[in-house]
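Visitor: One file is attached below, start_1.cif, containing mmCIF, C-alpha atoms.
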data_coords
loop_
_atom_site.label_atom_id
_atom_site.label_comp_id
_atom_site.auth_asym_id
_atom_site.auth_seq_id
_atom_site.Cartn_x
_atom_site.Cartn_y
_atom_site.Cartn_z
CA MET H 1 157.26 143.44 55.83
CA GLY H 2 155.37 143.33 52.55
CA ARG H 3 151.69 142.54 52.18
CA ARG H 4 152.44 139.08 50.82
CA GLN H 5 154.65 138.24 53.79
CA LEU H 6 152.04 139.57 56.20
CA ALA H 7 149.31 137.49 54.56
CA PHE H 8 151.60 134.42 54.69
CA LEU H 9 152.27 135.04 58.39
CA PHE H 10 148.55 135.28 59.21
CA ALA H 11 147.78 132.21 57.14
CA SER H 12 150.51 130.27 58.98
CA ILE H 13 149.13 131.35 62.37
CA ALA H 14 145.60 130.37 61.31
CA ILE H 15 146.74 126.96 60.07
CA GLY H 16 148.77 126.45 63.25
CA VAL H 17 145.80 127.20 65.48
CA LEU H 18 143.57 124.93 63.43
CA LEU H 19 146.09 122.09 63.54
CA GLY H 20 146.46 122.56 67.29
CA ALA H 21 142.71 122.32 67.75
CA VAL H 22 142.54 119.17 65.63
CA VAL H 23 145.43 117.55 67.51
CA GLN H 24 143.80 118.42 70.83
CA ALA H 25 140.42 117.08 69.74
CA VAL H 26 141.79 113.84 68.30
CA PHE H 27 144.71 112.93 70.53
CA LEU H 28 144.10 114.60 73.85
CA LYS H 29 140.46 113.49 74.23
CA LYS H 30 141.35 111.05 76.98
CA PRO H 31 138.59 109.37 78.92
CA LYS H 32 138.16 110.89 82.35
CA ARG H 33 140.01 109.19 85.17
CA ALA H 34 137.95 106.82 87.23
CA PRO H 35 136.54 108.90 90.08
CA GLU H 36 135.36 107.67 93.48
CA THR H 37 133.38 104.45 93.43
CA ALA H 38 130.10 106.21 94.22
CA ALA H 39 130.66 108.52 91.27
CA VAL H 40 131.36 105.52 89.05
CA SER H 41 127.99 104.12 89.99
CA ALA H 42 126.39 107.45 89.16
CA THR H 43 127.91 107.19 85.67
CA VAL H 44 126.73 103.62 85.39
CA LEU H 45 123.25 104.63 86.45
CA ALA H 46 123.13 107.29 83.78
CA THR H 47 124.43 105.12 80.94
CA GLY H 48 123.49 101.63 82.09
CA THR H 49 127.03 100.30 81.56
CA PRO H 50 130.23 101.24 83.34
CA ALA H 51 132.62 103.63 81.62
CA THR H 52 135.59 101.84 83.12
CA VAL H 53 135.98 98.27 84.28
CA GLN H 54 135.48 98.25 88.00
CA MET H 55 136.26 95.13 89.95
CA VAL H 56 134.02 94.84 92.97
CA GLY H 57 133.83 92.64 96.00
CA GLY H 58 137.05 92.52 97.94
CA VAL H 59 137.70 90.31 100.94
CA PHE H 60 134.81 89.91 103.33
CA GLN H 61 133.15 87.62 105.82
CA LEU H 62 129.41 87.73 106.47
CA VAL H 63 126.66 85.27 107.45
CA ASP H 64 123.57 84.28 105.48
CA GLN H 65 119.99 83.80 106.70
CA GLN H 66 120.79 80.19 107.67
CA GLY H 67 123.69 81.35 109.82
CA ARG H 68 126.28 79.99 107.34
CA GLN H 69 129.48 81.94 106.85
CA VAL H 70 129.88 83.53 103.42
CA THR H 71 133.14 84.96 102.10
CA GLU H 72 134.31 86.33 98.76
CA ARG H 73 135.50 82.80 97.92
CA ASP H 74 131.88 81.59 97.82
CA LEU H 75 131.14 84.11 95.09
CA GLN H 76 134.12 83.32 92.86
CA GLY H 77 133.44 82.31 89.27
CA ARG H 78 129.71 83.02 89.37
CA PRO H 79 127.87 86.05 88.09
CA ARG H 80 125.87 87.78 90.78
CA ILE H 81 123.32 90.48 91.45
CA ILE H 82 123.52 92.38 94.71
CA PHE H 83 120.94 94.60 96.36
CA PHE H 84 121.65 96.53 99.56
CA GLY H 85 118.58 97.05 101.75
CA PHE H 86 117.05 96.26 105.14
CA THR H 87 113.97 94.54 106.47
CA ALA H 88 112.52 97.67 108.16
CA CYS H 89 112.63 99.48 104.80
CA PRO H 90 109.05 100.65 104.20
CA ASP H 91 109.05 101.86 100.62
CA VAL H 92 111.44 100.34 98.09
CA CYS H 93 113.11 97.17 99.40
CA ALA H 94 110.15 94.77 99.35
CA PRO H 95 108.94 95.79 95.86
CA THR H 96 112.52 95.50 94.57
CA LEU H 97 112.91 92.01 96.05
CA THR H 98 109.53 91.09 94.52
CA ALA H 99 110.80 92.35 91.15
CA ILE H 100 114.03 90.35 91.57
CA SER H 101 111.95 87.25 92.41
CA GLU H 102 109.89 87.76 89.23
CA LEU H 103 113.08 88.19 87.25
CA LEU H 104 114.44 84.88 88.59
CA GLN H 105 111.17 83.14 87.72
CA ALA H 106 111.32 84.58 84.21
CA LEU H 107 114.96 83.48 83.77
CA GLY H 108 113.94 79.90 84.48
CA PRO H 109 116.72 77.31 84.94
CA GLU H 110 119.32 79.88 83.85
CA ALA H 111 118.74 81.65 87.16
CA ASP H 112 120.51 78.80 88.95
CA LYS H 113 123.82 80.01 87.51
CA LEU H 114 123.30 83.31 89.28
CA THR H 115 124.12 84.23 92.89
CA VAL H 116 121.51 86.65 94.22
CA LEU H 117 122.44 88.59 97.34
CA PHE H 118 120.41 90.88 99.59
CA VAL H 119 122.95 92.55 101.87
CA SER H 120 121.47 94.17 104.96
CA VAL H 121 122.58 97.75 105.59
CA ASP H 122 120.93 97.46 109.02
CA PRO H 123 123.02 94.60 110.47
CA GLU H 124 122.24 95.66 114.05
CA ARG H 125 118.55 94.79 113.68
CA ASP H 126 118.75 92.34 110.77
CA THR H 127 119.92 89.16 112.46
CA PRO H 128 120.19 85.99 110.33
CA GLU H 129 116.85 84.91 111.85
CA GLN H 130 115.18 88.21 110.93
CA LEU H 131 116.54 87.85 107.36
CA ARG H 132 115.32 84.25 107.20
CA GLN H 133 111.78 85.27 108.17
CA TYR H 134 111.69 88.25 105.81
CA LEU H 135 113.19 86.46 102.80
CA ALA H 136 110.61 83.66 103.14
CA GLY H 137 108.32 86.14 101.33
CA PHE H 138 110.49 86.04 98.18
CA ASP H 139 112.25 83.68 95.76
CA PRO H 140 114.21 81.11 97.84
CA ARG H 141 117.30 81.68 95.69
CA ILE H 142 117.79 85.12 97.26
CA ARG H 143 120.54 84.85 99.84
CA GLY H 144 120.44 87.38 102.66
CA LEU H 145 123.73 88.56 104.16
CA THR H 146 124.42 90.32 107.44
CA GLY H 147 127.27 90.59 109.90
CA ALA H 148 129.60 93.07 111.54
CA PRO H 149 128.67 96.67 110.62
CA GLU H 150 132.26 97.42 109.44
CA MET H 151 132.17 94.37 107.19
CA VAL H 152 128.82 95.38 105.66
CA ALA H 153 130.18 98.92 105.15
CA LYS H 154 133.24 97.49 103.40
CA VAL H 155 131.18 95.39 100.98
CA ALA H 156 128.82 98.29 100.27
CA GLN H 157 131.73 100.62 99.63
CA ALA H 158 133.34 98.12 97.29
CA HIS H 159 130.20 98.33 95.14
CA GLY H 160 129.82 102.09 95.37
CA ALA H 161 126.71 101.75 97.54
CA TRP H 162 126.18 104.23 100.35
CA PHE H 163 124.12 103.97 103.51
CA GLY H 164 123.70 105.80 106.82
CA LYS H 165 121.31 106.01 109.75
CA ALA H 166 118.60 108.67 109.88
CA PRO H 167 116.46 109.32 112.98
CA LEU H 168 112.67 108.90 113.00
CA ALA H 169 110.30 111.49 114.48
CA ALA H 170 109.32 109.60 117.62
CA GLY H 171 112.50 107.68 118.27
CA GLY H 172 114.25 104.85 116.47
CA TYR H 173 115.91 105.17 113.11
CA THR H 174 115.66 104.31 109.48
CA ILE H 175 118.44 103.89 106.92
CA ASP H 176 119.22 106.11 103.96
CA HIS H 177 120.72 103.93 101.27
CA SER H 178 121.49 103.46 97.59
CA PRO H 179 118.45 101.56 96.28
CA LEU H 180 120.43 100.05 93.42
CA VAL H 181 120.90 96.55 92.09
CA TYR H 182 124.47 95.79 91.03
CA LEU H 183 125.20 93.34 88.21
CA VAL H 184 128.59 91.68 88.59
CA ASP H 185 129.98 89.17 86.07
CA SER H 186 131.75 85.88 86.83
CA LYS H 187 135.13 87.65 86.84
CA GLY H 188 133.99 90.09 89.50
CA ALA H 189 133.61 93.11 87.21
CA LEU H 190 130.70 95.49 87.69
CA VAL H 191 128.81 95.30 84.38
CA GLY H 192 125.72 97.32 85.25
CA VAL H 193 123.63 99.02 87.86
CA LEU H 194 119.85 99.10 87.88
CA ASN H 195 117.80 101.59 89.83
CA HIS H 196 115.21 99.87 92.05
CA ASP H 197 112.43 100.77 89.59
CA GLN H 198 114.30 99.26 86.60
CA VAL H 199 114.33 95.75 88.03
CA GLY H 200 111.45 94.46 85.95
CA VAL H 201 111.36 91.82 83.23
CA GLY H 202 112.75 94.62 81.04
CA ALA H 203 116.12 93.83 82.63
CA LEU H 204 115.98 90.21 81.35
CA PRO H 205 118.10 90.72 78.19
CA ARG H 206 120.90 92.31 80.22
CA LEU H 207 120.85 89.52 82.77
CA ARG H 208 120.89 86.85 80.05
CA GLU H 209 123.80 88.61 78.40
CA MET H 210 125.68 88.67 81.69
CA LEU H 211 124.99 84.95 82.26
CA ARG H 212 126.34 84.04 78.80
CA SER H 213 129.50 86.12 79.04
CA MET K 1 63.89 83.57 78.67
CA SER K 2 66.59 83.01 76.09
CA ALA K 3 70.10 81.82 76.89
CA ILE K 4 71.53 84.87 75.13
CA LEU K 5 69.70 87.21 77.48
CA LEU K 6 70.90 85.25 80.50
CA ARG K 7 74.45 85.26 79.25
CA SER K 8 74.45 88.99 78.60
CA LEU K 9 72.97 89.60 82.05
CA ALA K 10 75.76 87.51 83.58
CA ALA K 11 78.35 89.43 81.56
CA ALA K 12 76.85 92.74 82.65
CA GLY K 13 76.94 91.54 86.26
CA ALA K 14 80.56 90.51 85.92
CA ILE K 15 81.47 93.88 84.45
CA LEU K 16 79.66 95.65 87.29
CA ILE K 17 81.47 93.60 89.93
CA CYS K 18 84.83 94.15 88.24
CA CYS K 19 84.36 97.87 88.07
CA ALA K 20 82.84 98.29 91.48
CA ALA K 21 85.17 96.24 93.63
CA PRO K 22 88.92 96.77 93.40
CA ALA K 23 89.17 99.12 90.43
CA MET K 24 88.11 102.24 92.25
CA GLY K 25 89.73 103.27 95.47
CA ALA K 26 87.62 104.53 98.33
CA SER K 27 86.92 108.18 98.85
CA SER K 28 86.07 109.92 102.11
CA ARG K 29 85.55 113.49 103.22
CA LEU K 30 86.49 115.54 106.24
CA GLY K 31 85.25 119.13 106.02
CA ALA K 32 86.89 120.61 102.94
CA LEU K 33 89.30 117.68 102.57
CA ARG K 34 88.70 114.74 100.26
CA ILE K 35 90.80 111.63 100.86
CA ASP K 36 91.10 109.26 97.90
CA ASN K 37 92.50 105.79 97.28
CA PRO K 38 94.11 104.89 100.60
CA TRP K 39 96.19 101.76 99.93
CA ALA K 40 99.14 100.00 101.47
CA ARG K 41 101.81 97.61 100.26
CA PRO K 42 101.59 94.06 101.56
CA THR K 43 104.56 93.38 103.83
CA PRO K 44 107.02 90.48 103.75
CA PRO K 45 106.91 88.17 106.77
CA GLY K 46 108.49 89.72 109.85
CA ALA K 47 108.81 93.18 108.30
CA PRO K 48 108.54 95.70 111.14
CA THR K 49 107.34 98.57 108.93
CA GLY K 50 104.82 99.18 106.19
CA ALA K 51 103.87 102.08 103.96
CA GLY K 52 100.45 103.58 103.20
CA TYR K 53 99.63 105.87 100.30
CA LEU K 54 96.70 108.18 99.44
CA THR K 55 95.79 111.55 97.98
CA VAL K 56 94.24 114.43 99.91
CA THR K 57 92.51 117.23 98.02
CA ASN K 58 91.79 120.50 99.77
CA THR K 59 88.62 122.03 98.32
CA GLY K 60 88.56 124.77 100.97
CA LYS K 61 90.06 128.25 101.16
CA THR K 62 92.67 127.67 103.87
CA ALA K 63 95.69 125.38 104.02
CA ASP K 64 95.75 122.33 106.27
CA ARG K 65 98.43 119.81 107.18
CA LEU K 66 98.43 116.03 107.35
CA MET K 67 100.22 115.37 110.64
CA GLY K 68 100.16 111.56 110.72
CA GLY K 69 97.74 109.10 112.16
CA ALA K 70 97.10 106.12 114.36
CA SER K 71 96.22 102.51 113.68
CA PRO K 72 95.43 99.53 115.90
CA LEU K 73 97.74 97.52 113.59
CA ALA K 74 100.85 99.67 114.10
CA GLU K 75 102.64 101.32 116.98
CA ARG K 76 102.86 104.66 115.18
CA VAL K 77 101.84 106.21 111.87
CA GLU K 78 104.21 108.94 110.66
CA VAL K 79 104.33 111.11 107.54
CA HIS K 80 107.62 110.59 105.73
CA THR K 81 109.08 112.03 102.62
CA VAL K 82 111.46 110.12 100.39
CA SER K 83 113.90 111.75 98.01
CA MET K 84 116.78 110.65 95.82
CA THR K 85 119.98 112.66 96.09
CA GLY K 86 122.49 111.24 93.67
CA ASN K 87 122.55 107.52 94.37
CA VAL K 88 121.06 107.71 97.82
CA MET K 89 117.44 107.36 98.80
CA ARG K 90 116.77 109.47 101.87
CA MET K 91 113.72 109.20 104.05
CA ARG K 92 112.79 111.94 106.46
CA ALA K 93 110.07 112.17 109.07
CA MET K 94 107.90 115.28 108.73
CA PRO K 95 106.97 116.15 112.33
CA GLU K 96 105.56 119.46 111.07
CA GLY K 97 103.24 117.52 108.74
CA ALA K 98 102.66 117.71 104.98
CA GLU K 99 100.88 120.81 103.71
CA ILE K 100 97.76 120.73 101.55
CA GLY K 101 97.26 124.24 100.19
CA PRO K 102 93.80 125.53 99.22
CA GLY K 103 92.78 123.94 95.92
CA LYS K 104 95.82 121.66 96.04
CA THR K 105 96.19 117.89 96.15
CA LEU K 106 98.75 116.17 98.34
CA SER K 107 99.80 112.89 96.82
CA LEU K 108 101.49 110.23 98.91
CA ALA K 109 102.84 107.72 96.39
CA PRO K 110 105.71 105.21 96.10
CA GLY K 111 109.07 106.91 95.69
CA GLY K 112 107.69 110.20 97.06
CA SER K 113 106.01 110.46 100.43
CA HIS K 114 104.17 107.89 102.49
CA LEU K 115 102.51 107.23 105.80
CA MET K 116 104.94 104.90 107.50
CA LEU K 117 103.39 102.24 109.67
CA VAL K 118 106.04 101.86 112.34
CA GLY K 119 105.93 98.65 114.35
CA VAL K 120 103.45 96.67 112.25
CA LYS K 121 101.72 94.20 114.57
CA GLN K 122 100.82 91.61 111.94
CA ARG K 123 101.82 90.81 108.40
CA ILE K 124 99.85 92.86 105.87
CA ARG K 125 98.54 90.55 103.16
CA PRO K 126 96.97 91.43 99.80
CA GLY K 127 93.30 92.31 100.31
CA ASP K 128 93.71 93.25 103.98
CA ARG K 129 92.02 96.43 105.13
CA ILE K 130 94.06 98.46 107.59
CA PRO K 131 92.08 100.96 109.66
CA VAL K 132 93.96 104.23 110.07
CA THR K 133 92.77 107.41 111.78
CA LEU K 134 94.33 110.29 109.86
CA LYS K 135 95.16 113.45 111.82
CA PHE K 136 95.01 116.89 110.24
CA ALA K 137 96.19 120.08 111.94
CA LYS K 138 92.89 121.95 111.40
CA ALA K 139 90.23 119.57 110.10
CA GLY K 140 90.80 117.06 112.89
CA GLU K 141 90.57 113.30 112.50
CA VAL K 142 89.01 110.90 110.05
CA LYS K 143 88.99 107.11 109.87
CA VAL K 144 89.95 105.53 106.56
CA GLU K 145 90.81 101.99 105.47
CA PHE K 146 94.01 101.29 103.58
CA VAL K 147 93.48 98.43 101.15
CA ALA K 148 96.54 96.20 100.83
CA GLN K 149 97.53 95.62 97.20
CA MET K 150 100.70 95.26 95.15
CA ALA K 151 100.14 98.25 92.85
CA PRO K 152 98.47 101.64 93.20
CA PRO K 153 94.74 101.77 92.44
CA PRO K 154 93.72 103.74 89.35
CA PRO K 155 92.71 107.34 90.10
CA ALA K 156 89.23 107.89 91.53
CA HIS K 157 86.48 109.75 89.70
CA GLY K 158 87.13 113.43 89.14
CA ALA K 159 90.87 112.99 89.41
CA HIS K 160 91.36 112.92 85.65
#
I'd like the structure from this file rewritten - as C-alpha cells, please.
Guide:
Amino acid sequence: MGRRQLAFLFASIAIGVLLGAVVQAVFLKKPKRAPETAAVSATVLATGTPATVQMVGGVFQLVDQQGRQVTERDLQGRPRIIFFGFTACPDVCAPTLTAISELLQALGPEADKLTVLFVSVDPERDTPEQLRQYLAGFDPRIRGLTGAPEMVAKVAQAHGAWFGKAPLAAGGYTIDHSPLVYLVDSKGALVGVLNHDQVGVGALPRLREMLRS
Amino acid sequence: MSAILLRSLAAAGAILICCAAPAMGASSRLGALRIDNPWARPTPPGAPTGAGYLTVTNTGKTADRLMGGASPLAERVEVHTVSMTGNVMRMRAMPEGAEIGPGKTLSLAPGGSHLMLVGVKQRIRPGDRIPVTLKFAKAGEVKVEFVAQMAPPPPAHGAH
C-alpha cells in the first residue's frame, strides 16, 4: 500500500467516525423514556414543567368534608390543583394551605374556574368532620377529600405523590409525604408541580396560564 | 409647646413601640445556653399538632442536648427533625435529643427541625403565648414562651 492510499484510508476512517458521531448526536438523541410516576414528578420539580405529558387522576371514589361523594367524573373538564397532606401535619401543611388560600384570593373571580383539592394522606384519622373543622381555617373553595386508605393511595400514586406512616417517639404516628402541589389542566394532564414553599403569589402567572389553556 | 415637637414625640414613641414589641424575639438564659426567638405557628381549627421554633446557642465549653419539653397546652413536646429525600418530606422524632456543641447554635426552623406540640389542647391563634418548659440533658429545665405568629421573627441582637 502506497503512502497516498494509506493517507486516503485514514482520512476515510476519520470521516466515517465523525459522520457516525454526528448521526448519533442528531438522530439518536431520543428523549428518555417516561420513568416511574414519582421520578416524573422529580423531573417536573426540577424544571417546573413536565418533560412528557402525564395524564393523572384515574378512577376513584372519595368523600369531601361535607360527606359528599366525589369521583373522577366531578373533576372532568376543570383545571385543578391538588395538595396531599393531613390535619396532624405540624410543619408544612397549614402554611401551604394558607399560601393556596392567598393564591385563590389573588386570582379573584378566575379562581372559581379552578377545583382545589386537599387530599388527606391520613384517612384513618382525617374523617370528613375533622377535615371540615380544619379547612374552616382556610379559603372555603378548598375541598378536602378522604376515604378508604387504598383509594387515597391510588389517587396519590396517580399523581406521583408518595406517603407512608412513621412512628413518633412516645407512641402514635406521623406521615411522611410528598409536600407538593400538583397543577392539572382541564384535560387531566399534569402541567406542573410546585414545592410547598413555591406556592406564593409568584405562582400566579402559571396558574393563570393553566386557567386560560 | 409646639405641635411639631408633640408630633415628633409621638412619632418617636410609635417607633419605640414598633421596635420593642413584636420585632425582637425574646431571649432567655440557662447556664451557658441562650435561647432566642421562641415562636410557634398558629394552628388551623381542630389541628391536633403544632410546631415551635427557636435557636439555642451554647456559650459554654461542653456540649448539651435539647431533649424536648412540656407544656400545659399540649400532651407532649418532642424534638423532631424534618428532611426532604427526593420528593418526600420525612419527619423523625429525636429521642436522643438535638445536640448543641460548645460555641454552636442549634436552629429549629421551618423545613428543618421543630419542637412538635403533640395533642394541642386549644387552637393556637396569632399573638398567643404558649408556655413551654424546655428540657436539656445537662443544663436542666427552663421556661420560655412561644409567641404565635405566621412568620419567623427577625434574628435577635448579636445574631448578625
Visitor: For the interface of chain K with chain H (cut-off 8 Å, counting all atoms listed in the file), please tabulate each contacting residue of chain K alongside its nearest pair of atoms and their separation in Å to one decimal, rows sorted by chain and increasing number, as a tab-separated table.
Guide:
residue	atom	partner	partner_atom	distance
K:Thr43	CA	H:Ala94	CA	7.3
K:Pro44	CA	H:Gly137	CA	5.1
K:Pro45	CA	H:Tyr134	CA	4.9
K:Gly46	CA	H:Tyr134	CA	5.4
K:Ala47	CA	H:Thr87	CA	5.6
K:Pro48	CA	H:Ala88	CA	5.3
K:Thr49	CA	H:Ala88	CA	5.3
K:Gly50	CA	H:Pro90	CA	4.9
K:Ala51	CA	H:Pro90	CA	5.4
K:Glu78	CA	H:Ala169	CA	7.6
K:Gly86	CA	H:Ala42	CA	7.1
K:Asn87	CA	H:Ser178	CA	5.3
K:Val88	CA	H:Ser178	CA	4.3
K:Met89	CA	H:His177	CA	5.4
K:Arg90	CA	H:Asp176	CA	4.7
K:Met91	CA	H:Asp176	CA	6.3
K:Arg92	CA	H:Leu168	CA	7.2
K:Ala93	CA	H:Ala169	CA	5.5
K:Met94	CA	H:Ala169	CA	7.3
K:Pro95	CA	H:Ala169	CA	6.1
K:Pro110	CA	H:Asp91	CA	6.5
K:Gly111	CA	H:Asp91	CA	7.1
K:His114	CA	H:Asp91	CA	8.0
K:Met116	CA	H:Pro90	CA	6.8
Visitor: Measure the distance from CA of Met150 (chain K) to CA of Ala109 (chain K) in Å and round it to one decimal.
Guide: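 Calculated distance between CA of Met150 (chain K) and CA of Ala109 (chain K) is 12.7 Å.
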Visitor: Name the residues captured by the PyMOL selection byres ((chain K and resi 130-142) around 9) when it is applied to the shown file; answer as a PyMOL selection string.
Guide: chain K and resi 28-33+39-40+63-73+77+97+124+128-129+143-148
Visitor: Determine the nearest neighbour of Gly103 (chain K) from the options K:Val120, K:Val56, K:Val79, K:Leu115, counting only C-alpha atoms.
Guide: K:Val56
Visitor: Please evaluate the PyMOL selection byres ((chain H and resi 99) around 10) against the structure above and give the resulting residues as a PDB file with C-alpha atoms, in the frame of the given file.
Guide:
ATOM      1  CA  CYS H  93     113.110  97.170  99.400  1.00  0.00           C
ATOM      2  CA  ALA H  94     110.150  94.770  99.350  1.00  0.00           C
ATOM      3  CA  PRO H  95     108.940  95.790  95.860  1.00  0.00           C
ATOM      4  CA  THR H  96     112.520  95.500  94.570  1.00  0.00           C
ATOM      5  CA  LEU H  97     112.910  92.010  96.050  1.00  0.00           C
ATOM      6  CA  THR H  98     109.530  91.090  94.520  1.00  0.00           C
ATOM      7  CA  ILE H 100     114.030  90.350  91.570  1.00  0.00           C
ATOM      8  CA  SER H 101     111.950  87.250  92.410  1.00  0.00           C
ATOM      9  CA  GLU H 102     109.890  87.760  89.230  1.00  0.00           C
ATOM     10  CA  LEU H 103     113.080  88.190  87.250  1.00  0.00           C
ATOM     11  CA  LEU H 104     114.440  84.880  88.590  1.00  0.00           C
ATOM     12  CA  GLN H 105     111.170  83.140  87.720  1.00  0.00           C
ATOM     13  CA  PHE H 138     110.490  86.040  98.180  1.00  0.00           C
ATOM     14  CA  ASP H 139     112.250  83.680  95.760  1.00  0.00           C
ATOM     15  CA  HIS H 196     115.210  99.870  92.050  1.00  0.00           C
ATOM     16  CA  ASP H 197     112.430 100.770  89.590  1.00  0.00           C
ATOM     17  CA  GLN H 198     114.300  99.260  86.600  1.00  0.00           C
ATOM     18  CA  VAL H 199     114.330  95.750  88.030  1.00  0.00           C
ATOM     19  CA  GLY H 200     111.450  94.460  85.950  1.00  0.00           C
ATOM     20  CA  VAL H 201     111.360  91.820  83.230  1.00  0.00           C
TER      21      VAL H 201
END
Visitor: Could you state the separation of CA of His80 (chain K) and CA of Ser107 (chain K) in Å, given to one decimal place?
Guide: 12.1 Å
Visitor: If the PyMOL selection byres ((chain H and resi 59) around 10) were run on this exact file, what residues would it hold? Put them as a list in words.
Guide: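 Applying the expression gives Val56, Gly57, Gly58, Phe60, Gln61, Thr71, Glu72, Arg73, Met151, Lys154, Val155 and Ala158 of chain H.
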Visitor: One number please: CA of Val191 (chain H) to CA of Val63 (chain H), in Å, one decimal.
Guide: 25.2 Å
Visitor: Using only C-alpha atoms, which of the listed residues (K:Ala74, K:Thr55, K:Asp36, K:Glu96) sits closest to Arg123 (chain K)?
Guide: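 Closest to Arg123 (chain K) of all the choices is K:Ala74.
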Visitor: I'd like the contact shell of Ile142 (chain H) - 7 Å cut-off, all atoms listed in the file, skipping same-chain residues fewer than 3 positions apart - returned as a list in words.
Guide: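 Close residues of Ile142 (chain H): Val116, Leu117, Phe118 and Asp139 of chain H.
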Visitor: Tell me which protein, DNA and RNA residues are within 10 Å of Thr105 (chain K), counting all atoms listed in the file, leaving out same-chain ones fewer than 5 positions away, and put them as a ChimeraX atom specification.
Guide: /K:33-35,55-59,99-100,159
Visitor: So, counting all atoms listed in the file, which residue among H:Ala203, H:Gly171, H:Asp185, H:Pro79 is closest to Arg76 (chain K)?
Guide: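 Closest candidate: H:Gly171.
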Visitor: Could you work out an axis-aligned box for region 83-95 of chain K, taking every atom the file lists and adding 5 Å on each side, and report centre and edge lengths in Å to one decimal, as lines of an AutoDock Vina configuration file?
Guide:
center_x = 114.8
center_y = 111.8
center_z = 103.0
size_x = 25.6
size_y = 18.8
size_z = 28.7
